[in-house]
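Note sheet for the following structure.
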Amino acid sequence: MAFWLARERNGQQTDWIQRFDPRFWTVNFPRPMMASVVTTAADALRVDCEFQYQGELAGLIWASEDTLDHPLTAYATDRDYSRTTLSFRWRSSGVIPLDEVNGPTLTVEGRDAAGTARTWYVRLWNYATGTNEDATIVLPFSQLESGWSLPGEPVHPADIDRMFISLEPPGSFVGSGPPPAVRVNGWVELSEIACDGERAMAEIGDVLLPPHGVGIATAYDDAFNQTPARLLRTARALGYRGELVHYVGMSHFFRLGSDGLALADGTLCTPAEQWHQSFFASAAAMGFEPIVSLSFELLADHCPDAWQQRAAGGEPARTGWVPPSALLSPANSAAVGWLQAVATTFAALAEAAGLPVRFQIGEPWWWVMSDGRPCLYDDAASYAFGGTPPVIADLRETLAPDELDLLDQAGSLLSAATDAIAQAVRTQVPGAEILLLVFTPTVLDPAMPELKRANLPTDWASPAFDRLQVEDYDWLTSGAEALRRKAYSEVDARLGYPLASQDYLAGFVLDPANADALWPLIDAGLDEASARGVPRRFVWALPQVSRDGYTRLAPSQEEQVQAFDDVLYPLALGRDAGVSPEFSTSVAVTASGHERRNSLWTDARLHFDVGPGIRSETELGVLIAFFRARRGAARGFRLADPFDFSSSGMTGTPSATDQPIGTGDGLTARFQLTKSYGDGAEPQVRPITRPRAESIAVSIDGVASSAWSLDPGGWIVFAAAPPTGAEIRAGFLFDVPVRFAEDLLNVTGATFAAGDAPSVPLIEIREAS
């Protein structure tokens with residue numbers, strides 16, 4: 001399907017918002033504290049903070065440049081606040097009041113009139129009317145002055161990058177350091193937010209793409225600093241509707257104890273709870289139905305040691321993220337209990353918002369070290385395995401019977417843990433839909449063929465879960481087509497979920513430098529899943545979609561009505577039929593008479609006139625019936641070109657080595673049938689989309705191969721990817737996809753009886769390849 005990587009707006013719809021719109025403020029802070037911002041009204045927002053130490057500071061931020069939204073929905077950059085006034089009502093509790101030392105300060109970052117980078121510190125109390133926790137604040141930017149008291153140093157308002165309001169817990173002071181953790185919860189509400197003056201409005205993208213049938217994924221770890229209203233506005237504007245996968249993350253949602261570790265009872269921190277209440281309520285109002293996702297990961301800094309999976313040498317399992325996350329042991333009852341408590345809390349929040357509860361257990365697995373050692377040996381797991389389980393040195397090697405038995409036991413433990421989570425959610429919300437997400441490049445790693453015993457246990461087979469979700473983006477973005485297809489077959493055979501009960505997740509692009517190369521593969525993966533019959537498909541994830549401008553477009557009218565009947569034109573063409581290959585070339589003649597030619601098409605488009613082949617009134621009747629069945633030019637069909645229908649020359653007998661169709665790279669398993677015309681380094685290459693299936697012969701490095709299948713569009717798909725450097729060739733017979741060129745068939749009995757051949761023009765259909 002068509003898509004676009006939008007780098008900027010180019011004539012798309014825009015609107016205007018009041019500057020300082022509550023939806024577009026963000027928060028930032030150092031860990032381990034936590035904060036969030038939500039909108040509470042069209043002119044109001046609330047910040048919740050959970051401080052762990054004195055001296056921590058959160059910032060409520062307004063940026064002049066929108067770097068978070070999709071280019072089609074972002075507000076325009078404007079660094080000039082001259083003759084602009086921001087006003088709001090301030091209410092707060094649990095943070096330093098307005099009138100105290102280190103009280104809320106507006107830090108303004110920009111440049112002075114000479115262009116020198118500067119920072120100004122504007123004490124809000126100097127512009128407040130009311131009490132130190134309930135006041136009206138008016139900030140006229142052209143009269144703002146920094147400093148403890150007025151008069152102070154004037155702020156230059158015409159070149160500001162960003163500004164933020166500082167929020168600190170009571171008792172903070174410069175150089176205080178981190179004393180023993182004593183949690184403090186504070187909040188601030190800005191209401192009656194208004195912007196007046198010369199530059200009070202901001203232009204903003206206001207697209208509303210039609211629904212395209214693909215869902216979106218979000219993640220709290222990536223979006224905790226934004227308002228839910230902002231995220232969901234973008235998702236809806238880009239054509240996403242209905243189900244939405246929301247990963248609650250592994251680092252920001254939980255409350256910490258005095259030891260800096262996640263509380264064992266699964267309590268959420270107040271900022272995360274407030275954020276998710278707003279997120280679920282906004283989702284319900286906009287017609288989204290979130291699928292809450294929880295994984296077996298927890299930020300290592302906040303994970304109790306006993307909960308963590310470990311290798312036989314005691315090393316804890318660690319992901320490659322920075323900072324790394326730990327993998328929770330399915331054998332540890334406290335870790336599984338924590339997952340159950342978190343799952344039921346989020347289920348209750350979704351239910352309270354009036355949403356259908358859909359809960360995903362995301363990527364549960366036993367971790368494997370880079371050297372092939374499985375992390376099956378934490379204390380709880382070792383005890384469950386009998387106290388002295390065999391040590392698997394490398395899953396890439398042939399395993400002994402007792403080692404295979406250990407993997408089976410690990411699979412049973414993993415299944416029991418996921419079942420416990422599922423049952424906890426179903427007890428909390430009867431009728432909740434439970435989904436399981438598997439990542440096939442890990443659980444079906446071909447280098448570790450027995451790992452599936454532990455990480456894809458047969459106890460997960462349908463109907464253990466309501467839906468199975470599959471993601472394979474490592475293989476998708478590397479072109480490992482054979483591994484992807486083999487994994488689909490293996491998952492289906494092992495777990496037995498019908499396609500109607502499966503979802504597919506595509507993405508993501510970690511490095512923006514790879515956007516142009518990887519998004520086409522991700523988009524094609526969504527289409528391929530649809531063609532396989534997977535009813536629900538999701539893009540992972542909204543932050544990358546917005547960053548790179550990925551814009552999924554609804555099917556065009558041409559795609560929707562591109563009907564084709566896979567039938568052959570029923571009449572022989574005869575020697576008098578006309579065939580005319582056509583190219584498109586722009587020719588510019590210079591003043592000196594020289595030409596500059598630009599070939600606009602890489603392949604010719606054929607025109608035929610099959611009228612001269614009609615020899616009798618009987619054949620004329622066949623033609624008229626065939627024309628009516630195709631509804632004139634509406635529906636395509638196959639035509640046997642009498643002059644060019646073979647990979648061997650033009651009309652020869654095909655062989656497996658006729659045409660080169662690709663070179664192996666060890667990953668790619670899918671190759672388009674093509675035919676080359678002309679000698680030399682740059683022949684004209686013609687995609688063959690309508691081969692005769694029974695005629696196809698394929699070879700790899702000159703050796704005939706039968707380990708392949710034919711996909712629609714003339715694609716040869718190997719069961720295993722050909723090795724690097726192998727030459728793939730094929731031979732085949734083929735037809736031309738055509739349609740009637742006109743909706744009118746002009747044939748009269750008088751002219752036909754007089755021996756005049758009718759004109760029946762056909763035109764080649766350019767099919768996607």
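Each chain in the structure tokens gets a letter, A, B and so on, in the order shown; residues start at 1 in every chain, and ligands are counted from 1 in the order they appear.
Summary of the local environment: counting only C-alpha atoms, residues at most 6 Å from Phe88 in chain A, other than itself and those fewer than 4 positions away along its chain, are Thr136, Ile137, Ser191, Glu192 and Ile193 of chain A.
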Same residues, C-alpha atoms, saved as a CSV table (one decimal), in the first residue's frame:
```
chain,number,residue,atom,x,y,z
A,136,THR,CA,-2.9,34.3,39.3
A,137,ILE,CA,0.3,34.7,37.3
A,191,SER,CA,-5.8,26.5,34.8
A,192,GLU,CA,-7.4,29.4,32.9
A,193,ILE,CA,-4.3,29.3,30.6
```
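Among the residues of range 471-556 of chain A, backbone DSSP assigns strand (DSSP E) to Glu471, Gln502, Asp503, Tyr504, Leu505, Ala506, Arg536, Arg537, Phe538, Val539, Tyr550, Thr551 and Arg552 of chain A.
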Discussion item. Please determine, counting only C-alpha atoms, which residue among A:Thr651, A:Ser295, A:Ser706, A:Thr77 has the shortest atom-to-atom distance to Asp735 in chain A.
Written reply: A:Thr651
Fill in: Spatial neighbours of Pro32 in chain A, 8 Å, only C-alpha atoms, chain gap at least 5 places, as a list in words
Phe51, Gln52 and Gly260 of chain A
When DSSP works through the backbone of this structure, what residues of range 110-178 of chain A end up as helix (DSSP H, G or I), shown as an mmCIF file with all heavy atoms, in the first residue's frame?
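This went into selection_3.cif:
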```cif
data_model
loop_
_atom_site.group_PDB
_atom_site.id
_atom_site.type_symbol
_atom_site.label_atom_id
_atom_site.label_comp_id
_atom_site.auth_asym_id
_atom_site.auth_seq_id
_atom_site.Cartn_x
_atom_site.Cartn_y
_atom_site.Cartn_z
ATOM 1 N N LEU A 124 8.563 33.381 39.517
ATOM 2 C CA LEU A 124 7.129 33.520 39.243
ATOM 3 C C LEU A 124 6.421 34.360 40.306
ATOM 4 O O LEU A 124 5.441 35.055 40.013
ATOM 5 C CB LEU A 124 6.477 32.143 39.152
ATOM 6 C CG LEU A 124 6.865 31.281 37.943
ATOM 7 C CD1 LEU A 124 6.053 29.982 37.930
ATOM 8 C CD2 LEU A 124 6.644 32.026 36.621
ATOM 9 N N TRP A 125 6.911 34.307 41.548
ATOM 10 C CA TRP A 125 6.261 35.062 42.616
ATOM 11 C C TRP A 125 6.247 36.562 42.333
ATOM 12 O O TRP A 125 5.330 37.281 42.777
ATOM 13 C CB TRP A 125 6.960 34.760 43.948
ATOM 14 C CG TRP A 125 6.366 35.440 45.133
ATOM 15 C CD1 TRP A 125 6.954 36.372 45.935
ATOM 16 C CD2 TRP A 125 5.050 35.232 45.660
ATOM 17 N NE1 TRP A 125 6.113 36.768 46.932
ATOM 18 C CE2 TRP A 125 4.915 36.078 46.790
ATOM 19 C CE3 TRP A 125 3.963 34.447 45.299
ATOM 20 C CZ2 TRP A 125 3.759 36.149 47.556
ATOM 21 C CZ3 TRP A 125 2.797 34.502 46.054
ATOM 22 C CH2 TRP A 125 2.701 35.336 47.167
ATOM 23 N N ASN A 126 7.243 37.020 41.565
ATOM 24 C CA ASN A 126 7.293 38.446 41.237
ATOM 25 C C ASN A 126 6.160 38.854 40.303
ATOM 26 O O ASN A 126 5.891 40.059 40.152
ATOM 27 C CB ASN A 126 8.622 38.796 40.567
ATOM 28 C CG ASN A 126 9.788 38.715 41.533
ATOM 29 O OD1 ASN A 126 9.620 38.827 42.744
ATOM 30 N ND2 ASN A 126 10.992 38.499 40.996
ATOM 31 N N TYR A 127 5.502 37.885 39.678
ATOM 32 C CA TYR A 127 4.429 38.195 38.719
ATOM 33 C C TYR A 127 3.112 37.572 39.158
ATOM 34 O O TYR A 127 2.200 37.391 38.344
ATOM 35 C CB TYR A 127 4.818 37.687 37.327
ATOM 36 C CG TYR A 127 6.047 38.392 36.793
ATOM 37 C CD1 TYR A 127 7.328 37.904 37.070
ATOM 38 C CD2 TYR A 127 5.930 39.578 36.067
ATOM 39 C CE1 TYR A 127 8.455 38.568 36.613
ATOM 40 C CE2 TYR A 127 7.053 40.242 35.603
ATOM 41 C CZ TYR A 127 8.309 39.734 35.880
ATOM 42 O OH TYR A 127 9.424 40.402 35.425
ATOM 43 N N PHE A 141 5.961 38.982 28.188
ATOM 44 C CA PHE A 141 7.334 38.639 27.814
ATOM 45 C C PHE A 141 8.186 39.851 27.476
ATOM 46 O O PHE A 141 9.397 39.837 27.699
ATOM 47 C CB PHE A 141 7.316 37.639 26.656
ATOM 48 C CG PHE A 141 6.975 36.241 27.091
ATOM 49 C CD1 PHE A 141 5.667 35.798 27.068
ATOM 50 C CD2 PHE A 141 7.945 35.397 27.576
ATOM 51 C CE1 PHE A 141 5.334 34.534 27.491
ATOM 52 C CE2 PHE A 141 7.627 34.118 28.011
ATOM 53 C CZ PHE A 141 6.316 33.675 27.969
ATOM 54 N N SER A 142 7.598 40.900 26.953
ATOM 55 C CA SER A 142 8.397 42.082 26.612
ATOM 56 C C SER A 142 8.755 42.903 27.845
ATOM 57 O O SER A 142 9.549 43.842 27.760
ATOM 58 C CB SER A 142 7.643 42.964 25.606
ATOM 59 O OG SER A 142 7.629 42.344 24.344
ATOM 60 N N GLN A 143 8.170 42.558 29.013
ATOM 61 C CA GLN A 143 8.512 43.256 30.260
ATOM 62 C C GLN A 143 9.074 42.299 31.319
ATOM 63 O O GLN A 143 9.251 42.690 32.469
ATOM 64 C CB GLN A 143 7.278 43.963 30.842
ATOM 65 C CG GLN A 143 6.857 45.224 30.102
ATOM 66 C CD GLN A 143 6.010 44.908 28.881
ATOM 67 O OE1 GLN A 143 5.109 44.090 28.951
ATOM 68 N NE2 GLN A 143 6.307 45.565 27.758
#
```
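Within the 9 Å cut-off around Leu476 in chain A, using only C-alpha atoms and omitting residues fewer than 4 positions from it on the same chain, the listed residues are Asp472, Ala480, Glu481, Arg484, Ala506, Gly507, Leu518, Leu521, Ile522 and Gly525 of chain A.
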I need the chosen residues saved as a PDB file, in the first residue's frame, with N, CA, C and O atoms.
```pdb
ATOM      1  N   ASP A 472       8.156  -9.870  14.136  1.00  0.00           N
ATOM      2  CA  ASP A 472       9.401 -10.446  13.602  1.00  0.00           C
ATOM      3  C   ASP A 472      10.264  -9.379  12.944  1.00  0.00           C
ATOM      4  O   ASP A 472      10.915  -9.626  11.940  1.00  0.00           O
ATOM      5  N   ALA A 480      14.981 -11.350   5.777  1.00  0.00           N
ATOM      6  CA  ALA A 480      15.061 -12.797   5.996  1.00  0.00           C
ATOM      7  C   ALA A 480      13.700 -13.447   5.735  1.00  0.00           C
ATOM      8  O   ALA A 480      13.032 -13.951   6.641  1.00  0.00           O
ATOM      9  N   GLU A 481      13.295 -13.450   4.482  1.00  0.00           N
ATOM     10  CA  GLU A 481      11.956 -13.902   4.110  1.00  0.00           C
ATOM     11  C   GLU A 481      11.735 -15.373   4.419  1.00  0.00           C
ATOM     12  O   GLU A 481      10.676 -15.772   4.916  1.00  0.00           O
ATOM     13  N   ARG A 484      11.137 -15.877   8.116  1.00  0.00           N
ATOM     14  CA  ARG A 484       9.824 -15.376   8.510  1.00  0.00           C
ATOM     15  C   ARG A 484       8.738 -16.380   8.157  1.00  0.00           C
ATOM     16  O   ARG A 484       7.881 -16.714   8.988  1.00  0.00           O
ATOM     17  N   ALA A 506       4.419  -4.909  13.109  1.00  0.00           N
ATOM     18  CA  ALA A 506       5.536  -4.586  12.218  1.00  0.00           C
ATOM     19  C   ALA A 506       6.320  -3.399  12.773  1.00  0.00           C
ATOM     20  O   ALA A 506       5.763  -2.517  13.397  1.00  0.00           O
ATOM     21  N   GLY A 507       7.582  -3.332  12.491  1.00  0.00           N
ATOM     22  CA  GLY A 507       8.443  -2.236  12.925  1.00  0.00           C
ATOM     23  C   GLY A 507       9.513  -2.822  13.811  1.00  0.00           C
ATOM     24  O   GLY A 507       9.559  -4.024  14.015  1.00  0.00           O
ATOM     25  N   LEU A 518      14.251   1.198   5.853  1.00  0.00           N
ATOM     26  CA  LEU A 518      13.474   0.219   6.605  1.00  0.00           C
ATOM     27  C   LEU A 518      11.968   0.415   6.549  1.00  0.00           C
ATOM     28  O   LEU A 518      11.213  -0.558   6.595  1.00  0.00           O
ATOM     29  N   LEU A 521      10.137  -1.650   3.989  1.00  0.00           N
ATOM     30  CA  LEU A 521      10.031  -3.054   4.362  1.00  0.00           C
ATOM     31  C   LEU A 521       8.924  -3.255   5.389  1.00  0.00           C
ATOM     32  O   LEU A 521       8.162  -4.234   5.330  1.00  0.00           O
ATOM     33  N   ILE A 522       8.832  -2.338   6.338  1.00  0.00           N
ATOM     34  CA  ILE A 522       7.790  -2.434   7.367  1.00  0.00           C
ATOM     35  C   ILE A 522       6.415  -2.289   6.733  1.00  0.00           C
ATOM     36  O   ILE A 522       5.486  -3.054   7.040  1.00  0.00           O
ATOM     37  N   GLY A 525       5.566  -5.347   4.968  1.00  0.00           N
ATOM     38  CA  GLY A 525       5.239  -6.408   5.908  1.00  0.00           C
ATOM     39  C   GLY A 525       3.789  -6.343   6.357  1.00  0.00           C
ATOM     40  O   GLY A 525       3.129  -7.378   6.547  1.00  0.00           O
TER      41      GLY A 525
END
```
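Reported to one decimal place, the separation of CA of Phe164 in chain A from CA of Asp99 in chain A is 17.6 Å.
For the atom pair formed by CA of Arg123 in chain A and CA of Pro151 in chain A, the distance is 11.6 Å, given to one decimal.
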Env of range 605-610 of chain A: 6 Å cut, atoms = only C-alpha atoms, seq-sep filter 5 positions within chain, self excluded. Answer as a compact mmCIF listing (two decimals) with C-alpha atoms, in the first residue's frame.
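Contents of selection.txt, as written:
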```
# COMPACT_ATOMS: atom_id res chain seq x y z
CA LEU A 573 -4.76 -14.03 -32.18
CA ALA A 577 -2.91 -9.35 -34.80
CA GLY A 578 -1.05 -6.16 -33.97
CA VAL A 579 1.47 -5.80 -31.14
CA SER A 580 3.02 -2.43 -30.28
CA PRO A 581 5.52 -1.95 -27.41
CA GLU A 582 5.45 1.62 -26.09
CA VAL A 760 -10.41 -4.67 -30.76
CA PRO A 761 -7.65 -2.77 -28.94
CA LEU A 762 -6.16 -4.14 -25.71
CA ILE A 763 -3.66 -2.45 -23.42
CA GLU A 764 -1.20 -4.01 -20.98
```
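When only C-alpha atoms are used to compute distances to Val429 in chain A, the closest of the residues A:Thr345, A:Ser646, A:Thr319, A:Thr388 turns out to be A:Thr345.
If you look at CA of Ala348 in chain A and CA of Tyr504 in chain A, they are 26.2 Å away from each other.
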Practice prompt. Would you kindly return, as an MDAnalysis selection string, each protein, DNA or RNA residue with an atom no farther than 10 Å from any atom of Ser333 in chain A, considering only C-alpha atoms and excluding same-chain residues fewer than 6 positions away?
Written response: chainID A and resid 307 339 380 417
For Asp222 in chain A, find every residue with an atom within 9 Å (counting only C-alpha atoms), except residues of its own chain fewer than 3 positions away, and show them as a PDB file with N, CA, C and O atoms, in the first residue's frame.
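Saved result, part-v2.pdb, follows:
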```
ATOM      1  N   THR A 218       1.865   2.288  21.144  1.00  0.00           N
ATOM      2  CA  THR A 218       2.511   3.334  21.936  1.00  0.00           C
ATOM      3  C   THR A 218       3.250   2.665  23.085  1.00  0.00           C
ATOM      4  O   THR A 218       3.068   1.482  23.356  1.00  0.00           O
ATOM      5  N   ALA A 219       4.065   3.441  23.771  1.00  0.00           N
ATOM      6  CA  ALA A 219       4.811   2.905  24.907  1.00  0.00           C
ATOM      7  C   ALA A 219       4.998   4.013  25.937  1.00  0.00           C
ATOM      8  O   ALA A 219       5.464   5.103  25.593  1.00  0.00           O
ATOM      9  N   ASN A 225       6.618  11.764  29.066  1.00  0.00           N
ATOM     10  CA  ASN A 225       6.831  13.206  29.192  1.00  0.00           C
ATOM     11  C   ASN A 225       5.795  14.024  28.449  1.00  0.00           C
ATOM     12  O   ASN A 225       5.768  15.252  28.563  1.00  0.00           O
ATOM     13  N   GLY A 249       5.607  -0.357  29.617  1.00  0.00           N
ATOM     14  CA  GLY A 249       7.017  -0.101  29.784  1.00  0.00           C
ATOM     15  C   GLY A 249       7.656  -0.964  30.860  1.00  0.00           C
ATOM     16  O   GLY A 249       7.055  -1.875  31.424  1.00  0.00           O
ATOM     17  N   PRO A 543       6.251   6.826  18.527  1.00  0.00           N
ATOM     18  CA  PRO A 543       7.390   7.756  18.558  1.00  0.00           C
ATOM     19  C   PRO A 543       8.231   7.708  17.282  1.00  0.00           C
ATOM     20  O   PRO A 543       8.673   8.742  16.782  1.00  0.00           O
TER      21      PRO A 543
END
```
